[in-house]
>>> print(open('target00.cif').read())   # mmCIF, C-alpha atoms
data_data
loop_
_atom_site.label_atom_id
_atom_site.label_comp_id
_atom_site.auth_asym_id
_atom_site.auth_seq_id
_atom_site.Cartn_x
_atom_site.Cartn_y
_atom_site.Cartn_z
CA MET A 143 95.66 65.94 104.44
CA LYS A 144 97.85 68.29 106.47
CA ASP A 145 98.80 65.43 108.78
CA VAL A 146 99.87 63.31 105.79
CA ILE A 147 102.00 66.12 104.36
CA GLN A 148 103.60 66.69 107.76
CA ASP A 149 104.36 62.99 108.11
CA ILE A 150 105.91 62.82 104.62
CA ARG A 151 108.00 65.90 105.35
CA GLY A 152 109.34 64.25 108.48
CA ARG A 153 110.20 61.04 106.66
CA ILE A 154 111.96 62.96 103.87
CA SER A 155 114.07 64.70 106.51
CA LEU A 156 114.93 61.31 108.00
CA HIS A 157 115.94 59.92 104.57
CA ALA A 158 113.28 57.21 104.78
CA TYR A 159 112.64 57.03 101.04
CA GLN A 160 115.57 55.19 99.48
CA ASN A 161 114.46 54.55 95.89
CA GLU A 162 111.95 55.43 93.20
CA GLU A 163 109.44 52.79 94.29
CA HIS A 164 109.40 54.20 97.81
CA VAL A 165 108.51 57.58 96.30
CA ARG A 166 105.85 56.16 93.98
CA ILE A 167 104.06 54.11 96.65
CA CYS A 168 104.77 55.87 99.94
CA ILE A 169 104.51 59.48 98.77
CA VAL A 170 102.76 59.80 95.40
CA ALA A 171 100.10 57.09 95.83
CA ARG A 172 99.51 58.15 99.42
CA LEU A 173 98.87 61.76 98.42
CA LEU A 174 96.71 60.77 95.46
CA GLN A 175 94.50 58.75 97.77
CA GLU A 176 94.13 61.78 100.03
CA LEU A 177 93.14 63.79 96.95
CA GLY A 178 90.25 61.47 96.15
CA TRP A 179 91.81 59.12 93.60
CA ASP A 180 91.04 55.41 93.90
CA ILE A 181 94.59 54.08 93.86
CA TRP A 182 93.28 50.50 94.06
CA ASN A 183 91.35 50.82 90.79
CA PRO A 184 93.70 50.35 87.79
CA LYS A 185 91.09 51.92 85.51
CA GLU A 186 91.50 55.15 87.47
CA VAL A 187 95.16 55.00 88.56
CA TYR A 188 96.95 53.09 85.81
CA THR A 189 100.57 52.16 86.49
CA GLU A 190 103.10 51.71 83.65
CA TYR A 191 100.73 53.21 81.12
CA LYS A 192 101.75 53.34 77.44
CA PRO A 193 100.27 56.40 75.66
CA ASN A 194 100.99 54.74 72.31
CA ARG A 195 100.88 50.97 72.45
CA ASP A 196 102.32 50.67 68.92
CA GLU A 197 105.62 52.28 69.95
CA ASP A 198 108.31 50.71 72.08
CA ARG A 199 108.68 53.65 74.43
CA LYS A 200 109.11 53.86 78.19
CA PRO A 201 105.66 53.81 79.84
CA VAL A 202 104.38 56.58 82.08
CA ASP A 203 104.72 55.72 85.76
CA LEU A 204 101.12 56.70 86.52
CA ALA A 205 98.20 57.80 84.36
CA LEU A 206 95.10 59.15 86.10
CA PHE A 207 91.64 58.80 84.58
CA SER A 208 88.71 60.81 85.95
CA SER A 209 86.17 60.72 83.12
CA GLY A 210 86.19 59.55 79.54
CA PRO A 211 88.60 57.16 77.84
CA ASN A 212 91.70 59.38 77.85
CA PRO A 213 94.04 60.04 80.78
CA ARG A 214 93.76 63.40 82.50
CA ILE A 215 97.14 63.36 84.23
CA PHE A 216 100.52 61.76 83.55
CA VAL A 217 102.84 61.37 86.55
CA GLU A 218 106.55 60.71 86.09
CA VAL A 219 108.20 59.61 89.34
CA LYS A 220 111.90 59.95 90.11
CA ALA A 221 114.05 58.99 93.10
CA LEU A 222 114.14 61.53 95.90
CA GLY A 223 116.42 64.47 95.12
CA SER A 224 116.80 63.75 91.39
CA VAL A 225 114.32 66.11 89.69
CA ARG A 226 116.68 69.09 89.65
CA GLN A 227 119.67 67.00 88.54
CA ASP A 228 118.52 66.27 85.00
CA LEU A 229 115.47 68.43 84.45
CA ASP A 230 115.91 68.83 80.68
CA ALA A 231 115.93 65.06 80.08
CA SER A 232 112.92 64.54 82.33
CA GLU A 233 110.94 67.25 80.57
CA ARG A 234 111.76 65.69 77.19
CA GLN A 235 110.41 62.43 78.58
CA LEU A 236 107.15 64.11 79.60
CA ARG A 237 106.94 65.84 76.22
CA ASP A 238 107.26 62.49 74.45
CA TYR A 239 104.52 60.93 76.59
CA ASN A 240 102.19 63.65 75.33
CA ARG A 241 103.23 63.37 71.69
CA ASN A 242 100.39 61.07 70.59
CA LEU A 243 97.94 61.32 73.47
CA THR A 244 98.00 64.60 75.37
CA ALA A 245 96.95 64.59 79.02
CA LEU A 246 95.60 67.75 80.62
CA PHE A 247 98.39 67.87 83.20
CA SER A 248 101.82 66.29 83.39
CA ILE A 249 103.60 65.99 86.72
CA LEU A 250 107.27 65.47 87.39
CA THR A 251 108.07 64.57 90.99
CA ASP A 252 110.71 63.03 93.20
CA GLY A 253 108.38 63.16 96.18
CA GLN A 254 109.78 66.42 97.51
CA ILE A 255 109.71 68.54 94.33
CA TRP A 256 106.46 68.59 92.34
CA ARG A 257 106.54 70.33 88.95
CA LEU A 258 103.11 70.72 87.36
CA TYR A 259 102.74 71.27 83.61
CA LEU A 260 99.69 72.26 81.57
CA SER A 261 100.44 69.82 78.77
CA GLN A 262 97.88 71.21 76.33
CA SER A 263 99.26 74.77 76.34
CA GLY A 264 101.54 76.11 73.60
CA GLY A 265 105.30 76.64 73.57
CA ASP A 266 108.22 74.45 74.54
CA PHE A 267 107.56 71.98 77.32
CA HIS A 268 109.60 73.83 79.95
CA SER A 269 107.36 76.88 79.53
CA LYS A 270 104.25 74.79 80.28
CA CYS A 271 105.21 74.52 83.96
CA PHE A 272 102.74 76.57 86.03
CA LYS A 273 103.61 75.35 89.55
CA ASP A 274 106.81 74.21 91.24
CA LEU A 275 106.14 72.90 94.76
CA ASP A 276 108.60 71.84 97.42
CA LEU A 277 107.16 69.74 100.25
CA LEU A 278 109.91 70.89 102.62
CA GLU A 279 109.41 74.61 101.94
CA GLY A 280 106.55 76.91 102.85
CA GLU A 281 103.48 76.45 105.01
CA VAL A 282 101.75 73.07 105.04
CA GLU A 283 98.40 74.84 104.55
CA ASP A 284 99.65 76.43 101.32
CA ILE A 285 100.95 73.10 100.01
CA GLU A 286 97.64 71.43 100.85
CA LYS A 287 95.76 74.21 99.05
CA ASP A 288 97.83 73.86 95.86
CA PHE A 289 97.49 70.07 95.81
CA THR A 290 93.74 70.34 96.33
CA ILE A 291 93.20 72.99 93.65
CA PHE A 292 95.22 71.30 90.93
CA LEU A 293 95.32 67.58 91.70
CA SER A 294 92.19 66.58 93.59
CA LYS A 295 89.98 64.30 91.53
CA GLN A 296 86.98 66.56 92.13
CA GLN A 297 88.72 69.70 90.86
CA VAL A 298 90.20 67.92 87.84
CA THR A 299 86.86 66.35 86.88
CA SER A 300 84.93 69.60 87.29
CA GLY A 301 87.36 71.59 85.13
CA ILE A 302 88.26 74.00 87.94
CA ALA A 303 91.84 72.69 88.06
CA GLU A 304 92.33 73.47 84.37
CA THR A 305 90.88 76.98 84.73
CA GLU A 306 93.14 77.78 87.69
CA ALA A 307 96.20 76.30 85.98
CA LYS A 308 95.66 78.54 82.95
CA LYS A 309 95.56 81.58 85.24
CA TYR A 310 98.81 80.58 86.93
CA LEU A 311 100.51 79.79 83.63
CA HIS A 312 99.49 83.16 82.19
CA LEU A 313 100.93 84.92 85.23
CA SER A 314 104.21 83.03 85.02
CA GLN A 315 104.51 83.71 81.29
CA LYS A 316 103.87 87.42 81.87
CA GLN A 317 106.53 87.43 84.58
CA ARG A 318 109.04 85.90 82.16
CA VAL A 319 108.18 88.48 79.48
CA MET A 320 108.63 91.31 81.98
CA ASP A 321 111.98 89.90 82.99
CA ASP A 322 113.08 89.52 79.36
CA CYS A 323 112.01 93.09 78.51
CA LEU A 324 113.57 94.85 81.48
CA SER A 325 117.06 95.27 79.99
CA GLU A 326 115.66 96.66 76.75
CA ALA A 327 113.41 98.99 78.74
CA ARG A 328 116.44 100.34 80.57
CA ARG A 329 118.16 100.99 77.24
CA LYS A 330 115.12 102.88 76.01
CA THR A 331 115.32 105.28 78.96
CA ASN A 332 118.68 106.49 77.61
CA GLN A 333 117.33 107.21 74.11
CA PRO A 334 114.95 109.92 72.86
CA PRO A 335 112.24 110.57 73.95
CA TYR A 336 113.75 109.27 77.25
CA PRO A 337 110.70 107.53 78.73
CA ARG A 338 110.43 106.64 82.39
CA LEU A 339 111.44 103.04 83.05
CA PRO A 340 107.94 101.81 83.98
CA ASP A 341 106.50 103.37 80.81
CA ALA A 342 109.15 101.73 78.65
CA LEU A 343 108.54 98.36 80.31
CA VAL A 344 104.76 98.60 79.85
CA GLU A 345 105.21 99.36 76.15
CA LEU A 346 107.63 96.48 75.53
CA VAL A 347 105.52 93.95 77.44
CA GLN A 348 102.45 95.01 75.45
CA GLU A 349 104.39 94.47 72.23
CA ASN A 350 104.94 90.89 73.43
CA GLY A 351 101.23 90.26 73.92
CA PHE A 352 100.70 90.97 77.63
CA GLU A 353 98.91 93.87 79.31
CA ILE A 354 100.43 95.33 82.48
CA SER A 355 99.69 98.53 84.39
CA ILE A 356 102.17 101.21 85.41
CA ASP A 357 101.75 100.06 89.02
CA GLU A 358 102.60 96.46 88.05
CA ALA A 359 105.65 97.62 86.13
CA THR A 360 106.81 99.82 89.01
CA GLU A 361 106.45 97.02 91.57
CA PHE A 362 108.28 94.59 89.29
CA ILE A 363 111.17 97.03 88.82
CA LYS A 364 111.41 97.59 92.57
CA SER A 365 111.60 93.83 93.12
CA GLU A 366 114.56 93.48 90.77
CA THR A 367 118.17 94.34 91.50
CA VAL A 368 118.57 97.67 89.72
CA GLN A 369 121.92 97.98 87.98
CA PRO A 370 123.63 101.39 87.61
CA ARG A 371 122.62 103.03 84.36
CA PRO A 372 124.72 105.18 82.05
CA GLU A 373 124.38 108.92 82.40
CA ARG A 374 121.86 110.55 80.12
CA PRO A 375 122.71 113.63 78.05
CA PHE A 376 123.32 116.69 80.23
CA ALA A 377 120.21 118.51 79.01
CA VAL A 378 117.84 115.75 80.11
CA SER A 379 116.65 115.82 83.70
CA GLU A 380 116.63 112.54 85.61
CA GLU A 381 113.16 111.42 86.71
CA PRO A 382 112.41 108.89 89.41
CA PHE A 383 110.31 105.81 88.72
#
>>> encode(input="target00.cif", output="structure tokens")
Amino acid sequence: MKDVIQDIRGRISLHAYQNEEHVRICIVARLLQELGWDIWNPKEVYTEYKPNRDEDRKPVDLALFSSGPNPRIFVEVKALGSVRQDLDASERQLRDYNRNLTALFSILTDGQIWRLYLSQSGGDFHSKCFKDLDLLEGEVEDIEKDFTIFLSKQQVTSGIAETEAKKYLHLSQKQRVMDDCLSEARRKTNQPPYPRLPDALVELVQENGFEISIDEATEFIKSETVQPRPERPFAVSEEPF
């Protein structure tokens, strides 16, 4: 599969893919075949699939079936370079596909960018994204690994892909909570009883339903751009992280 990814990367760089159909056939279908899906069997790789046949809605570009009567994966394909341009509208489209018949995963791709969503998780659709891959960035081995874990037919059928996706989604949600709580944690350090910043962050993150250690909080704080903080009252000694 590494050779296929390398070849696609080269063709993207040469601007070989000129429209959405090029992406669907020459990138998406090609990779799906490498991942064990029978792209020549419409019962397994169903093009222009309508999740609700009673509604006059735009069909899903590709629906993948691995076992049972319901699709496991919806794939929405865009022209190369267009995923980032109108992400909100595309995510609404994916959300609507899952309104009546929810697939395990939903994928939004323009061939280069691959956004993977755990459709059956809670929250708004944007927050369901657990992986954002770029075929032109990073090591080919890492890209191959992510595709294999989450999108190979074997992993999807066995349930391993779902288990791993839930782990990644939990981590990304925790990261967002930590980011959201950091400003409030900084404010807490300037109020009695003047906690250390990692302690304040741990407490706030726990209040939002996630457990983190002091070490995790400290590493997260170090990774952020620390803004200057107001001076504390004169009687309070400044402590390091």
>>> atom_distance(input="target00.cif", atom1="atom CA of Asp252 of chain A", atom2="atom CA of Ser224 of chain A")
6.4 Å
>>> residues_around(input="target00.cif", residues="segment 159-168 of chain A", least_positions_apart="3", cutoff="8 Å", atoms="only C-alpha atoms", output="VMD selection string")
chain A and resid 153 to 154 171 to 172 219 to 222 252 to 253
>>> closest_residue(input="target00.cif", among="A:Glu286, A:Glu304, A:Asp266, A:Glu233", to="Arg214 of chain A", atoms="only C-alpha atoms")
A:Glu304
>>> resolve_selection(input="target00.cif", expression="the PyMOL selection byres ((chain A and resi 218) around 8)", output="number ranges by chain")
A: 202-204, 216-217, 219-220, 236, 248-251
>>> atom_distance(input="target00.cif", atom1="atom CA of Asn242 of chain A", atom2="atom CA of Glu190 of chain A")
16.3 Å
>>> atom_distance(input="target00.cif", atom1="atom CA of Ile181 of chain A", atom2="atom CA of Ala245 of chain A")
18.3 Å
>>> resolve_selection(input="target00.cif", expression="the PyMOL selection byres ((chain A and resi 320) around 12)", output="PDB file with C-alpha atoms, in the frame of the given file")
ATOM      1  CA  LEU A 313     100.930  84.920  85.230  1.00  0.00           C
ATOM      2  CA  SER A 314     104.210  83.030  85.020  1.00  0.00           C
ATOM      3  CA  GLN A 315     104.510  83.710  81.290  1.00  0.00           C
ATOM      4  CA  LYS A 316     103.870  87.420  81.870  1.00  0.00           C
ATOM      5  CA  GLN A 317     106.530  87.430  84.580  1.00  0.00           C
ATOM      6  CA  ARG A 318     109.040  85.900  82.160  1.00  0.00           C
ATOM      7  CA  VAL A 319     108.180  88.480  79.480  1.00  0.00           C
ATOM      8  CA  ASP A 321     111.980  89.900  82.990  1.00  0.00           C
ATOM      9  CA  ASP A 322     113.080  89.520  79.360  1.00  0.00           C
ATOM     10  CA  CYS A 323     112.010  93.090  78.510  1.00  0.00           C
ATOM     11  CA  LEU A 324     113.570  94.850  81.480  1.00  0.00           C
ATOM     12  CA  SER A 325     117.060  95.270  79.990  1.00  0.00           C
ATOM     13  CA  GLU A 326     115.660  96.660  76.750  1.00  0.00           C
ATOM     14  CA  ALA A 327     113.410  98.990  78.740  1.00  0.00           C
ATOM     15  CA  PRO A 340     107.940 101.810  83.980  1.00  0.00           C
ATOM     16  CA  ALA A 342     109.150 101.730  78.650  1.00  0.00           C
ATOM     17  CA  LEU A 343     108.540  98.360  80.310  1.00  0.00           C
ATOM     18  CA  VAL A 344     104.760  98.600  79.850  1.00  0.00           C
ATOM     19  CA  GLU A 345     105.210  99.360  76.150  1.00  0.00           C
ATOM     20  CA  LEU A 346     107.630  96.480  75.530  1.00  0.00           C
ATOM     21  CA  VAL A 347     105.520  93.950  77.440  1.00  0.00           C
ATOM     22  CA  GLN A 348     102.450  95.010  75.450  1.00  0.00           C
ATOM     23  CA  GLU A 349     104.390  94.470  72.230  1.00  0.00           C
ATOM     24  CA  ASN A 350     104.940  90.890  73.430  1.00  0.00           C
ATOM     25  CA  GLY A 351     101.230  90.260  73.920  1.00  0.00           C
ATOM     26  CA  PHE A 352     100.700  90.970  77.630  1.00  0.00           C
ATOM     27  CA  GLU A 353      98.910  93.870  79.310  1.00  0.00           C
ATOM     28  CA  ILE A 354     100.430  95.330  82.480  1.00  0.00           C
ATOM     29  CA  SER A 355      99.690  98.530  84.390  1.00  0.00           C
ATOM     30  CA  GLU A 358     102.600  96.460  88.050  1.00  0.00           C
ATOM     31  CA  ALA A 359     105.650  97.620  86.130  1.00  0.00           C
ATOM     32  CA  THR A 360     106.810  99.820  89.010  1.00  0.00           C
ATOM     33  CA  GLU A 361     106.450  97.020  91.570  1.00  0.00           C
ATOM     34  CA  PHE A 362     108.280  94.590  89.290  1.00  0.00           C
ATOM     35  CA  ILE A 363     111.170  97.030  88.820  1.00  0.00           C
ATOM     36  CA  SER A 365     111.600  93.830  93.120  1.00  0.00           C
ATOM     37  CA  GLU A 366     114.560  93.480  90.770  1.00  0.00           C
TER      38      GLU A 366
END
>>> closest_residue(input="target00.cif", among="A:Gly280, A:Pro334, A:Pro211, A:Gly264", to="His312 of chain A", atoms="only C-alpha atoms")
A:Gly264
>>> closest_residue(input="target00.cif", among="A:Val146, A:Leu260, A:Leu243, A:Lys309", to="Glu176 of chain A", atoms="only C-alpha atoms")
A:Val146
>>> closest_residue(input="target00.cif", among="A:Ser232, A:Thr331, A:Asn183, A:Gln262", to="Phe247 of chain A", atoms="only C-alpha atoms")
A:Gln262
>>> resolve_selection(input="target00.cif", expression="the PyMOL selection byres ((chain A and resi 191-193) around 10)", output="VMD selection string")
chain A and resid 187 to 190 194 to 206 212 to 213 216 238 to 245
>>> residues_around(input="target00.cif", residues="Leu177 of chain A", least_positions_apart="5", cutoff="9 Å", atoms="all atoms listed in the file", output="list in words")
Met143, Arg172, Phe289, Thr290, Leu293, Ser294, Lys295 and Gln296 of chain A
>>> closest_residue(input="target00.cif", among="A:Tyr310, A:Tyr336, A:Phe207, A:Trp179", to="Cys271 of chain A", atoms="all atoms listed in the file")
A:Tyr310
>>> closest_residue(input="target00.cif", among="A:Asp284, A:Ile169, A:Ile291, A:Ser208", to="Glu186 of chain A", atoms="all atoms listed in the file")
A:Ser208
>>> residues_near_point(input="target00.cif", point="(100.7, 75.4, 81.2)", cutoff="6 Å", atoms="all atoms listed in the file", output="NGL selection string")
:A and (259-260 or 263 or 270-272 or 311)
